[in-house]
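Data block below; observations after.
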Amino acid sequence: MDLSLGSILERGAEGFKRGAEGAALIKPMWYMARHVEGETDHSLLDYSPEKLAALERIDAIVVVGPSGAGKSSLVDVARTYINDPELADAHFVIPKRIVSRPQRANDNLVENDFAANLDEFKEKVGKGIRWRRKMDQKEQGGRVEWYGFEKPPQGSIPIYSANLDFFSEESELSGVPADFFKHALVLYVYALPHIRGDRLQERSPDIMADRPEEAAKRLAGDIESVWKKAQIKIRTRSIERFAQERDIAGDVMILTMGVIAQTKKAK
């Protein structure tokens, strides 16, 4: 299967239906799902034609998933292609994520910015998105961090990387339009707990060793309730054990961006 950007855009044009922009992704996702199964003998990509067809306009992409699932890798792929001329009609941007805690060792400084306290966090986020995240499984008195993004430029399509608490009823989410979720393409990425545990151990050994309750919260995951809100779901696997699958999630990200750009150009 040809996964060049030109071929992706051509398939996007094949799938395009005037009116609902999400519907343009149905046929390309069908092709991609068959390709994934043929290459890996596993169904690692799932999508909902009904939810995509109901997405009349795409104003944002939300990459969501538990810790260690591969969100940052998908956003890194998007960052690689974001300035490609073929995608210019979509005006993609990747707002930096801001977290209300001091920087730690091994933090991703390309993706994240950090605030020493809540006041500095509010100043950096401004009028952008913000939400709260419980950092352990305690019912009362647990540690809380705030996450957010600066407000993206008018007319752009932001690509957000969000943890599962973005969709929680306790998140106190603010800074989004009232119809945000009606026009947001939610791409849910997840991995089995032991794979995410290995990734978290490599990335944040201090959390695994010193904060077991936070580690348990990060590794718990929540597949079904988040999948109910997402249009596309991708399961990632161990790069070391399944080398042939290392680029699959990235291919889905490029495909998604390419089709959206094609629909925006067609309109």
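Labels used: A, B, ... for chains in the order of the structure tokens, numbers from 1 for residues in each chain, and numbers from 1 for ligands as shown.
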
Could you go through stretch 91-188 of chain A and tell me which residues DSSP, when run on the backbone, assigns to strand (DSSP E), listing them as number ranges by chain? A: 92-93, 97-99, 112-114, 129-134, 144-149, 157-162, 184-188

Name the residues in contact with A:Glu50 at a cut-off of 12 Å, using only C-alpha atoms, excluding same-chain residues fewer than 6 positions from it; report them as a ChimeraX atom specification. /A:20,22-23,25-26,56,228,230-232

Taking into account only C-alpha atoms, which residue in the set A:Leu52, A:Val93, A:Ala69, A:Ile254 is nearest to A:Ile159? A:Val93

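Minimum atom-to-atom distance to A:Glu214, evaluated using only C-alpha atoms, belongs to A:Ser67 out of A:Ser48, A:Ser156, A:Thr40, A:Ser67.
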
Test item: residues at most 12 Å from A:Ser168, only C-alpha atoms, excluding those fewer than 4 positions along its chain, as a list in words: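 The neighbour list is Trp131, Arg132, Arg133, Lys134, Ala162, Asn163, Leu164, Glu172, Leu173, Asp222, Ser225, Val226 and Lys229 of chain A.
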
Between A:Phe149, A:Ala261, A:Glu21, A:Ala266, which one has atoms that come closest to A:Asn83, using only C-alpha atoms?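 For A:Asn83, the nearest of the candidates is A:Ala261.
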
Minimum-distance residue to A:Val189, chosen among A:Gly250, A:Pro102, A:Pro95, A:Gly38 (using only C-alpha atoms): A:Gly250

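Minimum atom-to-atom distance to A:Ile234, evaluated using only C-alpha atoms, belongs to A:Val63 out of A:Leu109, A:Val63, A:Leu219, A:Val75.
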
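Across A:Tyr160, A:Trp146, A:Trp227, A:Phe167, the tightest approach to A:Asp59 is made by A:Tyr160 when counting only C-alpha atoms.
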
Hey, can you check how far atom CA of A:Ile129 sits from atom CA of A:Pro153? 13.1 Å

Enumerate the residues of stretch 169-198 of chain A with a DSSP assignment of helix (DSSP H, G or I), computed from the backbone, and present them as a list of chain:residue names. A:Phe180, A:Phe181, A:Lys182, A:Pro193, A:His194, A:Ile195, A:Arg196, A:Gly197, A:Asp198

Give me, as a PDB file with N, CA and C atoms, in the first residue's frame, all polymer residues having an atom no more than 12 Å from A:Ser72, counting only C-alpha atoms and skipping those fewer than 4 positions away in the same chain.
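Final output, around.pdb:
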ATOM      1  N   VAL A  62      -7.845  16.072  18.870  1.00  0.00           N
ATOM      2  CA  VAL A  62      -7.438  15.787  20.245  1.00  0.00           C
ATOM      3  C   VAL A  62      -6.872  14.371  20.278  1.00  0.00           C
ATOM      4  N   VAL A  63      -5.566  14.269  20.492  1.00  0.00           N
ATOM      5  CA  VAL A  63      -4.916  12.973  20.679  1.00  0.00           C
ATOM      6  C   VAL A  63      -4.954  12.689  22.174  1.00  0.00           C
ATOM      7  N   VAL A  64      -5.688  11.653  22.575  1.00  0.00           N
ATOM      8  CA  VAL A  64      -5.911  11.398  23.992  1.00  0.00           C
ATOM      9  C   VAL A  64      -5.561   9.959  24.324  1.00  0.00           C
ATOM     10  N   GLY A  65      -5.106   9.734  25.546  1.00  0.00           N
ATOM     11  CA  GLY A  65      -4.782   8.375  25.971  1.00  0.00           C
ATOM     12  C   GLY A  65      -4.101   8.377  27.316  1.00  0.00           C
ATOM     13  N   PRO A  66      -3.924   7.216  27.926  1.00  0.00           N
ATOM     14  CA  PRO A  66      -3.248   7.127  29.215  1.00  0.00           C
ATOM     15  C   PRO A  66      -1.744   7.298  29.083  1.00  0.00           C
ATOM     16  N   SER A  67      -1.074   7.448  30.206  1.00  0.00           N
ATOM     17  CA  SER A  67       0.390   7.603  30.211  1.00  0.00           C
ATOM     18  C   SER A  67       1.050   6.396  29.556  1.00  0.00           C
ATOM     19  N   GLY A  68       2.028   6.670  28.701  1.00  0.00           N
ATOM     20  CA  GLY A  68       2.777   5.604  28.064  1.00  0.00           C
ATOM     21  C   GLY A  68       2.114   4.981  26.861  1.00  0.00           C
ATOM     22  N   ASP A  76       4.607  14.049  17.718  1.00  0.00           N
ATOM     23  CA  ASP A  76       5.911  14.282  17.093  1.00  0.00           C
ATOM     24  C   ASP A  76       5.843  14.050  15.580  1.00  0.00           C
ATOM     25  N   VAL A  77       5.094  13.018  15.163  1.00  0.00           N
ATOM     26  CA  VAL A  77       4.897  12.783  13.732  1.00  0.00           C
ATOM     27  C   VAL A  77       4.174  13.963  13.102  1.00  0.00           C
ATOM     28  N   ALA A  78       3.117  14.420  13.766  1.00  0.00           N
ATOM     29  CA  ALA A  78       2.379  15.579  13.250  1.00  0.00           C
ATOM     30  C   ALA A  78       3.287  16.793  13.139  1.00  0.00           C
ATOM     31  N   ARG A  79       4.168  16.972  14.118  1.00  0.00           N
ATOM     32  CA  ARG A  79       5.070  18.123  14.110  1.00  0.00           C
ATOM     33  C   ARG A  79       6.040  18.057  12.922  1.00  0.00           C
ATOM     34  N   ILE A  94       0.414  23.145  16.630  1.00  0.00           N
ATOM     35  CA  ILE A  94       0.557  22.281  17.806  1.00  0.00           C
ATOM     36  C   ILE A  94       0.883  23.174  18.996  1.00  0.00           C
ATOM     37  N   LYS A  96       1.857  24.371  22.594  1.00  0.00           N
ATOM     38  CA  LYS A  96       2.657  23.748  23.651  1.00  0.00           C
ATOM     39  C   LYS A  96       1.773  23.485  24.866  1.00  0.00           C
ATOM     40  N   ARG A  97       1.942  22.318  25.469  1.00  0.00           N
ATOM     41  CA  ARG A  97       1.166  21.958  26.660  1.00  0.00           C
ATOM     42  C   ARG A  97       1.866  22.511  27.902  1.00  0.00           C
ATOM     43  N   ASP A 107      11.779  15.246  31.181  1.00  0.00           N
ATOM     44  CA  ASP A 107      10.573  15.859  30.633  1.00  0.00           C
ATOM     45  C   ASP A 107      10.793  16.240  29.169  1.00  0.00           C
ATOM     46  N   ASN A 108       9.743  16.119  28.379  1.00  0.00           N
ATOM     47  CA  ASN A 108       9.777  16.480  26.964  1.00  0.00           C
ATOM     48  C   ASN A 108       9.587  17.989  26.845  1.00  0.00           C
ATOM     49  N   LEU A 109      10.660  18.721  26.561  1.00  0.00           N
ATOM     50  CA  LEU A 109      10.601  20.177  26.522  1.00  0.00           C
ATOM     51  C   LEU A 109      10.123  20.709  25.184  1.00  0.00           C
ATOM     52  N   VAL A 110      10.056  19.855  24.161  1.00  0.00           N
ATOM     53  CA  VAL A 110       9.468  20.269  22.887  1.00  0.00           C
ATOM     54  C   VAL A 110       7.956  20.324  23.020  1.00  0.00           C
ATOM     55  N   GLU A 111       7.406  19.331  23.690  1.00  0.00           N
ATOM     56  CA  GLU A 111       5.956  19.234  23.837  1.00  0.00           C
ATOM     57  C   GLU A 111       5.424  20.066  24.996  1.00  0.00           C
ATOM     58  N   ASN A 112       6.203  20.199  26.083  1.00  0.00           N
ATOM     59  CA  ASN A 112       5.697  20.765  27.330  1.00  0.00           C
ATOM     60  C   ASN A 112       6.425  22.022  27.761  1.00  0.00           C
ATOM     61  N   ILE A 159      -3.707  20.764  17.195  1.00  0.00           N
ATOM     62  CA  ILE A 159      -3.560  19.345  17.519  1.00  0.00           C
ATOM     63  C   ILE A 159      -3.128  19.275  18.980  1.00  0.00           C
ATOM     64  N   TYR A 160      -4.026  18.796  19.822  1.00  0.00           N
ATOM     65  CA  TYR A 160      -3.795  18.750  21.248  1.00  0.00           C
ATOM     66  C   TYR A 160      -3.404  17.343  21.691  1.00  0.00           C
ATOM     67  N   SER A 161      -2.496  17.248  22.661  1.00  0.00           N
ATOM     68  CA  SER A 161      -2.155  15.982  23.303  1.00  0.00           C
ATOM     69  C   SER A 161      -2.679  16.041  24.727  1.00  0.00           C
ATOM     70  N   ALA A 162      -3.657  15.184  25.050  1.00  0.00           N
ATOM     71  CA  ALA A 162      -4.346  15.302  26.336  1.00  0.00           C
ATOM     72  C   ALA A 162      -4.391  13.965  27.074  1.00  0.00           C
ATOM     73  N   ASN A 163      -4.306  14.026  28.389  1.00  0.00           N
ATOM     74  CA  ASN A 163      -4.482  12.823  29.190  1.00  0.00           C
ATOM     75  C   ASN A 163      -5.972  12.518  29.347  1.00  0.00           C
ATOM     76  N   VAL A 189      -5.445   6.840  21.585  1.00  0.00           N
ATOM     77  CA  VAL A 189      -4.315   5.921  21.461  1.00  0.00           C
ATOM     78  C   VAL A 189      -4.111   5.228  22.806  1.00  0.00           C
ATOM     79  N   TYR A 190      -3.939   3.922  22.760  1.00  0.00           N
ATOM     80  CA  TYR A 190      -3.761   3.177  24.002  1.00  0.00           C
ATOM     81  C   TYR A 190      -2.816   2.009  23.762  1.00  0.00           C
ATOM     82  N   ARG A 199       7.245   1.641  29.371  1.00  0.00           N
ATOM     83  CA  ARG A 199       7.539   2.984  28.861  1.00  0.00           C
ATOM     84  C   ARG A 199       7.638   3.993  29.998  1.00  0.00           C
ATOM     85  N   ARG A 203      10.807   6.301  31.041  1.00  0.00           N
ATOM     86  CA  ARG A 203      10.670   7.758  30.958  1.00  0.00           C
ATOM     87  C   ARG A 203      10.710   8.425  32.332  1.00  0.00           C
ATOM     88  N   ALA A 249       0.969   3.814  13.903  1.00  0.00           N
ATOM     89  CA  ALA A 249       0.236   4.926  14.493  1.00  0.00           C
ATOM     90  C   ALA A 249       0.605   6.242  13.803  1.00  0.00           C
ATOM     91  N   GLY A 250       1.886   6.400  13.474  1.00  0.00           N
ATOM     92  CA  GLY A 250       2.299   7.598  12.750  1.00  0.00           C
ATOM     93  C   GLY A 250       1.664   7.692  11.376  1.00  0.00           C
ATOM     94  N   MET A 253      -1.754   9.003  11.765  1.00  0.00           N
ATOM     95  CA  MET A 253      -1.730  10.445  12.030  1.00  0.00           C
ATOM     96  C   MET A 253      -1.550  11.232  10.738  1.00  0.00           C
TER      97      MET A 253
END

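Neighbours of stretch 122-124 of chain A closer than or equal to 9 Å, with only C-alpha atoms counted and sequence neighbours fewer than 6 positions away skipped, come out as Ile98, Ser100, Asp113, Ala115, Arg130, Gly148, Phe149 and Glu150 of chain A.
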
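Neighbouring residues of stretch 206-210 of chain A at 10 Å or closer, counting only C-alpha atoms and skipping chain neighbours under 6 positions away, are Arg104, Ala105, Gly197, Leu200, Ala216 and Arg218 of chain A.
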
Quick check, in Å to one decimal: how far apart do atom CA of A:His194 and atom CA of A:Ser43 lie? 18.8 Å

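Atom pair atom CA of A:Ile157 / atom CA of A:Gly175: separated by 15.5 Å.
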